[in-house]
Amino acid sequence: MLYFGDCRLNTPNMLDQRIQIIQGDITRLDVAAIVNAANPGLLGGGGVDGAIHRAAGPELRAFNKTLGGCKTGEAKISPGFRLPAEFVISTVGPVWKGGNSNEAGLLGQCYYNSLKLASAHNITSIAFPAISTGVYGFPFRQACEIALSSSNQFLVQNDNIQKVLMVSFSEADFNTYLGIYTQVNSR
Ligand code: AR6
């Protein structure tokens, strides 16, 4: 077993090779599903949520009105409408409150539950933004470690999903993310 952050890796020394770190605008990606860092109402907001709703068109908000919201750590699925992606999986990350309010556990659940929902819909490629690291204030490095460990834990017991992209918007975030990925992979 390998431990880092608050999480545990089930692989001896490598992350699953289906996980890749990339830089870009998640709304432009031609993958089966993109994940939205949403709020519990699922009706749009700022940051990546705003960008996804703008790119998907008003149909996404109208559809999401039928979903009954989403709790922190859980995930809901919608069509991608005008996006290149076929689906949007919305998940609600934890608001950072200093680290003692189960923020790490809840953030891990966002990745795990999004992948579980994707697999249940036969989605084979999925892209994640760095959930909770913007408006919700989660420390970026710790959030990356949790994203990698939680996704890895899912992938070791799943053969359906072929590609998991971790998308950074800025070059600085991408470099940080890639550094953590490389560090984790070489432990
Ligand atoms: N592509 C990829 N990543 C992006 C993009 C993009 N187009 N735009 C922003 N990011 P945030 P949160 C990155 O604030 O912290 C919303 O108002 C960004 O650089 O979007 O989970 C919701 O409605 C950052 O690293 O999400 C909620 O109320 C990451 O996406 C609240 O914000 C997440 O930042 C959710 O806050």
# chains A, B, ... in the order shown; residues from 1 in each chain; ligands from 1
call {"tool": "select_by_dssp", "arguments": {"residues": "segment 46-141 of chain A", "states": "strand (DSSP E)", "output": "list in words"}}
result
Ala75, Lys76, Ile77, Ser78, Pro79, Phe87, Val88, Ile89, Ser90, Thr91, Val92, Ser125, Ile126, Ala127 and Phe128 of chain A
call {"tool": "residues_around", "arguments": {"residues": "Ala104 of chain A", "least_positions_apart": "2", "cutoff": "10 Å", "atoms": "only C-alpha atoms", "output": "list in words"}}
result
Gly5, Asp6, Cys7, Gly93, Pro94, Trp96, Gly99, Asn100, Ser101, Asn102, Leu106, Leu107, Gly108, Gln109, Phe138, Gln142, Ala143, Glu145, Ile146 and Ala147 of chain A
call {"tool": "select_by_dssp", "arguments": {"residues": "chain A", "states": "alpha helix (DSSP H)", "output": "ChimeraX atom specification"}}
result
/A:47-56,58-64,103-120,140-155,171-185
call {"tool": "residues_near_ligand", "arguments": {"ligand": "ligand 1", "cutoff": "6 Å", "atoms": "only C-alpha atoms and all ligand atoms", "output": "compact mmCIF listing (two decimals) with C-alpha atoms, in the first residue's frame"}}
result
# COMPACT_ATOMS: atom_id res chain seq x y z
CA ASP A 25 -10.41 24.66 -21.64
CA ILE A 26 -12.53 21.67 -20.61
CA THR A 27 -15.50 22.91 -22.69
CA ALA A 37 -17.58 21.65 -10.59
CA ALA A 38 -21.12 22.72 -9.84
CA ASN A 39 -23.06 24.05 -6.84
CA GLY A 44 -25.06 27.38 -13.31
CA GLY A 45 -22.63 29.76 -11.64
CA GLY A 46 -19.17 31.20 -12.15
CA GLY A 47 -15.82 29.56 -12.98
CA VAL A 48 -15.86 26.32 -14.92
CA ASP A 49 -19.58 25.94 -14.18
CA ALA A 51 -18.11 28.24 -18.92
CA GLY A 93 -17.14 19.77 -4.35
CA PRO A 129 -11.49 20.15 -13.86
CA ALA A 130 -9.69 20.70 -10.54
CA ILE A 131 -12.86 20.50 -8.45
CA SER A 132 -13.17 22.90 -5.47
CA THR A 133 -9.86 24.68 -6.21
CA GLY A 134 -11.41 27.96 -7.41
CA VAL A 135 -14.29 29.70 -5.64
CA TYR A 136 -14.54 26.87 -3.07
CA GLY A 137 -10.94 27.50 -1.92
CA VAL A 167 -7.58 19.35 -16.92
CA SER A 168 -5.86 22.49 -15.65
CA PHE A 169 -6.94 25.83 -17.00
call {"tool": "closest_atom_pairs", "arguments": {"of": "segment 28-63 of chain A", "to": "segment 75-80 of chain A", "cutoff": "10 Å", "atoms": "only C-alpha atoms", "output": "JSON lines"}}
result
{"residue": "A:Ala32", "atom": "CA", "partner": "A:Gly80", "partner_atom": "CA", "distance": 9.0}
{"residue": "A:Ala33", "atom": "CA", "partner": "A:Gly80", "partner_atom": "CA", "distance": 7.8}
{"residue": "A:Ile34", "atom": "CA", "partner": "A:Gly80", "partner_atom": "CA", "distance": 8.4}
{"residue": "A:Val35", "atom": "CA", "partner": "A:Ile77", "partner_atom": "CA", "distance": 9.1}
{"residue": "A:Asn36", "atom": "CA", "partner": "A:Ala75", "partner_atom": "CA", "distance": 9.4}
{"residue": "A:Ala37", "atom": "CA", "partner": "A:Ala75", "partner_atom": "CA", "distance": 9.9}
{"residue": "A:Ala38", "atom": "CA", "partner": "A:Ala75", "partner_atom": "CA", "distance": 9.5}
{"residue": "A:Leu42", "atom": "CA", "partner": "A:Lys76", "partner_atom": "CA", "distance": 9.0}
{"residue": "A:Ile52", "atom": "CA", "partner": "A:Gly80", "partner_atom": "CA", "distance": 9.1}
{"residue": "A:His53", "atom": "CA", "partner": "A:Gly80", "partner_atom": "CA", "distance": 9.5}
{"residue": "A:Ala55", "atom": "CA", "partner": "A:Gly80", "partner_atom": "CA", "distance": 9.1}
{"residue": "A:Ala56", "atom": "CA", "partner": "A:Gly80", "partner_atom": "CA", "distance": 6.1}
{"residue": "A:Gly57", "atom": "CA", "partner": "A:Gly80", "partner_atom": "CA", "distance": 9.0}
{"residue": "A:Glu59", "atom": "CA", "partner": "A:Gly80", "partner_atom": "CA", "distance": 9.1}
{"residue": "A:Leu60", "atom": "CA", "partner": "A:Ser78", "partner_atom": "CA", "distance": 7.3}
{"residue": "A:Arg61", "atom": "CA", "partner": "A:Ser78", "partner_atom": "CA", "distance": 9.7}
{"residue": "A:Phe63", "atom": "CA", "partner": "A:Ser78", "partner_atom": "CA", "distance": 7.1}
call {"tool": "atom_distance", "arguments": {"atom1": "atom CA of Val31 of chain A", "atom2": "atom CA of Pro139 of chain A"}}
result
27.0 Å
call {"tool": "atom_distance", "arguments": {"atom1": "atom CA of Ile21 of chain A", "atom2": "atom CA of Lys97 of chain A"}}
result
27.0 Å
call {"tool": "closest_residue", "arguments": {"among": "A:Asp159, A:Glu86, A:Glu74, A:Glu171", "to": "Arg28 of chain A", "atoms": "only C-alpha atoms"}}
result
A:Glu86
call {"tool": "residues_around", "arguments": {"residues": "segment 121-125 of chain A", "least_positions_apart": "2", "cutoff": "7 Å", "atoms": "only C-alpha atoms", "output": "number ranges by chain"}}
result
A: 31-33, 117-119, 160-164
call {"tool": "closest_residue", "arguments": {"among": "A:Leu155, A:Ile180, A:Cys144, A:Ile126", "to": "Ile89 of chain A", "atoms": "only C-alpha atoms"}}
result
A:Ile126
call {"tool": "closest_residue", "arguments": {"among": "A:Phe174, A:Phe140, A:Phe81, A:Phe128", "to": "Ser114 of chain A", "atoms": "only C-alpha atoms"}}
result
A:Phe128
call {"tool": "decode", "arguments": {"residues": "segment 113-149 of chain A", "atoms": "N, CA, C and O atoms", "output": "mmCIF file, in the first residue's frame"}}
result
data_model
loop_
_atom_site.group_PDB
_atom_site.id
_atom_site.type_symbol
_atom_site.label_atom_id
_atom_site.label_comp_id
_atom_site.auth_asym_id
_atom_site.auth_seq_id
_atom_site.Cartn_x
_atom_site.Cartn_y
_atom_site.Cartn_z
ATOM 1 N N ASN A 113 -17.501 9.064 -7.324
ATOM 2 C CA ASN A 113 -18.911 8.970 -7.736
ATOM 3 C C ASN A 113 -19.120 9.418 -9.179
ATOM 4 O O ASN A 113 -19.995 8.885 -9.877
ATOM 5 N N SER A 114 -18.335 10.368 -9.661
ATOM 6 C CA SER A 114 -18.431 10.785 -11.065
ATOM 7 C C SER A 114 -17.992 9.645 -11.979
ATOM 8 O O SER A 114 -18.632 9.373 -13.009
ATOM 9 N N LEU A 115 -16.914 8.957 -11.612
ATOM 10 C CA LEU A 115 -16.432 7.839 -12.432
ATOM 11 C C LEU A 115 -17.421 6.666 -12.400
ATOM 12 O O LEU A 115 -17.665 6.011 -13.423
ATOM 13 N N LYS A 116 -18.002 6.442 -11.236
ATOM 14 C CA LYS A 116 -18.991 5.359 -11.093
ATOM 15 C C LYS A 116 -20.203 5.642 -11.991
ATOM 16 O O LYS A 116 -20.689 4.748 -12.707
ATOM 17 N N LEU A 117 -20.676 6.886 -11.979
ATOM 18 C CA LEU A 117 -21.822 7.265 -12.804
ATOM 19 C C LEU A 117 -21.463 7.166 -14.293
ATOM 20 O O LEU A 117 -22.260 6.692 -15.110
ATOM 21 N N ALA A 118 -20.251 7.596 -14.634
ATOM 22 C CA ALA A 118 -19.798 7.515 -16.024
ATOM 23 C C ALA A 118 -19.781 6.062 -16.485
ATOM 24 O O ALA A 118 -20.303 5.721 -17.555
ATOM 25 N N SER A 119 -19.217 5.197 -15.684
ATOM 26 C CA SER A 119 -19.115 3.787 -16.060
ATOM 27 C C SER A 119 -20.503 3.172 -16.224
ATOM 28 O O SER A 119 -20.743 2.397 -17.159
ATOM 29 N N ALA A 120 -21.426 3.555 -15.372
ATOM 30 C CA ALA A 120 -22.804 3.035 -15.452
ATOM 31 C C ALA A 120 -23.488 3.464 -16.743
ATOM 32 O O ALA A 120 -24.436 2.814 -17.190
ATOM 33 N N HIS A 121 -23.020 4.554 -17.359
ATOM 34 C CA HIS A 121 -23.569 5.021 -18.633
ATOM 35 C C HIS A 121 -22.675 4.647 -19.824
ATOM 36 O O HIS A 121 -22.790 5.242 -20.900
ATOM 37 N N ASN A 122 -21.782 3.699 -19.614
ATOM 38 C CA ASN A 122 -20.880 3.212 -20.667
ATOM 39 C C ASN A 122 -20.018 4.311 -21.269
ATOM 40 O O ASN A 122 -19.679 4.268 -22.454
ATOM 41 N N ILE A 123 -19.694 5.285 -20.456
ATOM 42 C CA ILE A 123 -18.789 6.363 -20.884
ATOM 43 C C ILE A 123 -17.362 5.844 -20.764
ATOM 44 O O ILE A 123 -16.986 5.282 -19.728
ATOM 45 N N THR A 124 -16.572 6.023 -21.830
ATOM 46 C CA THR A 124 -15.220 5.475 -21.795
ATOM 47 C C THR A 124 -14.137 6.545 -21.644
ATOM 48 O O THR A 124 -13.000 6.224 -21.332
ATOM 49 N N SER A 125 -14.490 7.817 -21.903
ATOM 50 C CA SER A 125 -13.487 8.880 -21.733
ATOM 51 C C SER A 125 -14.127 10.048 -20.990
ATOM 52 O O SER A 125 -15.264 10.430 -21.268
ATOM 53 N N ILE A 126 -13.385 10.594 -20.031
ATOM 54 C CA ILE A 126 -13.958 11.613 -19.137
ATOM 55 C C ILE A 126 -12.874 12.612 -18.753
ATOM 56 O O ILE A 126 -11.712 12.236 -18.600
ATOM 57 N N ALA A 127 -13.280 13.880 -18.644
ATOM 58 C CA ALA A 127 -12.328 14.937 -18.265
ATOM 59 C C ALA A 127 -12.830 15.653 -17.017
ATOM 60 O O ALA A 127 -14.015 15.997 -16.922
ATOM 61 N N PHE A 128 -11.920 15.871 -16.073
ATOM 62 C CA PHE A 128 -12.241 16.562 -14.815
ATOM 63 C C PHE A 128 -11.538 17.907 -14.738
ATOM 64 O O PHE A 128 -10.336 17.980 -15.013
ATOM 65 N N PRO A 129 -12.210 18.943 -14.270
ATOM 66 C CA PRO A 129 -11.485 20.150 -13.855
ATOM 67 C C PRO A 129 -10.955 19.904 -12.436
ATOM 68 O O PRO A 129 -11.264 18.867 -11.842
ATOM 69 N N ALA A 130 -10.193 20.841 -11.921
ATOM 70 C CA ALA A 130 -9.686 20.698 -10.544
ATOM 71 C C ALA A 130 -10.783 21.172 -9.589
ATOM 72 O O ALA A 130 -10.844 22.337 -9.184
ATOM 73 N N ILE A 131 -11.654 20.208 -9.239
ATOM 74 C CA ILE A 131 -12.865 20.497 -8.448
ATOM 75 C C ILE A 131 -12.507 21.167 -7.117
ATOM 76 O O ILE A 131 -11.545 20.759 -6.447
ATOM 77 N N SER A 132 -13.269 22.162 -6.753
ATOM 78 C CA SER A 132 -13.170 22.895 -5.469
ATOM 79 C C SER A 132 -11.967 23.838 -5.362
ATOM 80 O O SER A 132 -11.824 24.496 -4.337
ATOM 81 N N THR A 133 -11.100 23.897 -6.376
ATOM 82 C CA THR A 133 -9.857 24.678 -6.206
ATOM 83 C C THR A 133 -10.000 26.140 -6.612
ATOM 84 O O THR A 133 -9.036 26.895 -6.536
ATOM 85 N N GLY A 134 -11.186 26.558 -7.048
ATOM 86 C CA GLY A 134 -11.413 27.957 -7.409
ATOM 87 C C GLY A 134 -12.180 28.661 -6.298
ATOM 88 O O GLY A 134 -11.664 28.844 -5.185
ATOM 89 N N VAL A 135 -13.420 28.986 -6.589
ATOM 90 C CA VAL A 135 -14.290 29.696 -5.637
ATOM 91 C C VAL A 135 -14.369 28.955 -4.290
ATOM 92 O O VAL A 135 -14.422 29.592 -3.232
ATOM 93 N N TYR A 136 -14.369 27.644 -4.305
ATOM 94 C CA TYR A 136 -14.537 26.869 -3.069
ATOM 95 C C TYR A 136 -13.262 26.772 -2.222
ATOM 96 O O TYR A 136 -13.306 26.234 -1.105
ATOM 97 N N GLY A 137 -12.123 27.242 -2.740
ATOM 98 C CA GLY A 137 -10.942 27.498 -1.923
ATOM 99 C C GLY A 137 -10.108 26.324 -1.450
ATOM 100 O O GLY A 137 -9.263 26.469 -0.557
ATOM 101 N N PHE A 138 -10.283 25.149 -2.035
ATOM 102 C CA PHE A 138 -9.503 23.968 -1.618
ATOM 103 C C PHE A 138 -8.043 24.158 -2.052
ATOM 104 O O PHE A 138 -7.790 24.506 -3.198
ATOM 105 N N PRO A 139 -7.069 23.910 -1.163
ATOM 106 C CA PRO A 139 -5.655 24.049 -1.559
ATOM 107 C C PRO A 139 -5.338 23.166 -2.773
ATOM 108 O O PRO A 139 -5.665 21.975 -2.773
ATOM 109 N N PHE A 140 -4.712 23.765 -3.780
ATOM 110 C CA PHE A 140 -4.582 23.107 -5.074
ATOM 111 C C PHE A 140 -3.786 21.804 -5.009
ATOM 112 O O PHE A 140 -4.222 20.783 -5.553
ATOM 113 N N ARG A 141 -2.655 21.822 -4.345
ATOM 114 C CA ARG A 141 -1.800 20.622 -4.341
ATOM 115 C C ARG A 141 -2.518 19.440 -3.679
ATOM 116 O O ARG A 141 -2.506 18.325 -4.194
ATOM 117 N N GLN A 142 -3.134 19.710 -2.554
ATOM 118 C CA GLN A 142 -3.854 18.636 -1.851
ATOM 119 C C GLN A 142 -5.023 18.131 -2.697
ATOM 120 O O GLN A 142 -5.290 16.918 -2.757
ATOM 121 N N ALA A 143 -5.679 19.055 -3.384
ATOM 122 C CA ALA A 143 -6.803 18.658 -4.243
ATOM 123 C C ALA A 143 -6.327 17.750 -5.377
ATOM 124 O O ALA A 143 -7.014 16.785 -5.735
ATOM 125 N N CYS A 144 -5.151 18.035 -5.930
ATOM 126 C CA CYS A 144 -4.615 17.187 -7.013
ATOM 127 C C CYS A 144 -4.307 15.782 -6.501
ATOM 128 O O CYS A 144 -4.601 14.781 -7.167
ATOM 129 N N GLU A 145 -3.715 15.702 -5.317
ATOM 130 C CA GLU A 145 -3.390 14.386 -4.757
ATOM 131 C C GLU A 145 -4.657 13.557 -4.545
ATOM 132 O O GLU A 145 -4.695 12.366 -4.840
ATOM 133 N N ILE A 146 -5.685 14.209 -4.050
ATOM 134 C CA ILE A 146 -6.951 13.510 -3.812
ATOM 135 C C ILE A 146 -7.581 13.089 -5.136
ATOM 136 O O ILE A 146 -8.083 11.964 -5.269
ATOM 137 N N ALA A 147 -7.538 13.969 -6.133
ATOM 138 C CA ALA A 147 -8.088 13.643 -7.454
ATOM 139 C C ALA A 147 -7.406 12.399 -8.016
ATOM 140 O O ALA A 147 -8.070 11.476 -8.510
ATOM 141 N N LEU A 148 -6.091 12.365 -7.917
ATOM 142 C CA LEU A 148 -5.340 11.233 -8.476
ATOM 143 C C LEU A 148 -5.596 9.956 -7.681
ATOM 144 O O LEU A 148 -5.835 8.889 -8.263
ATOM 145 N N SER A 149 -5.563 10.048 -6.368
ATOM 146 C CA SER A 149 -5.707 8.820 -5.574
ATOM 147 C C SER A 149 -7.118 8.256 -5.663
ATOM 148 O O SER A 149 -7.298 7.045 -5.805
#
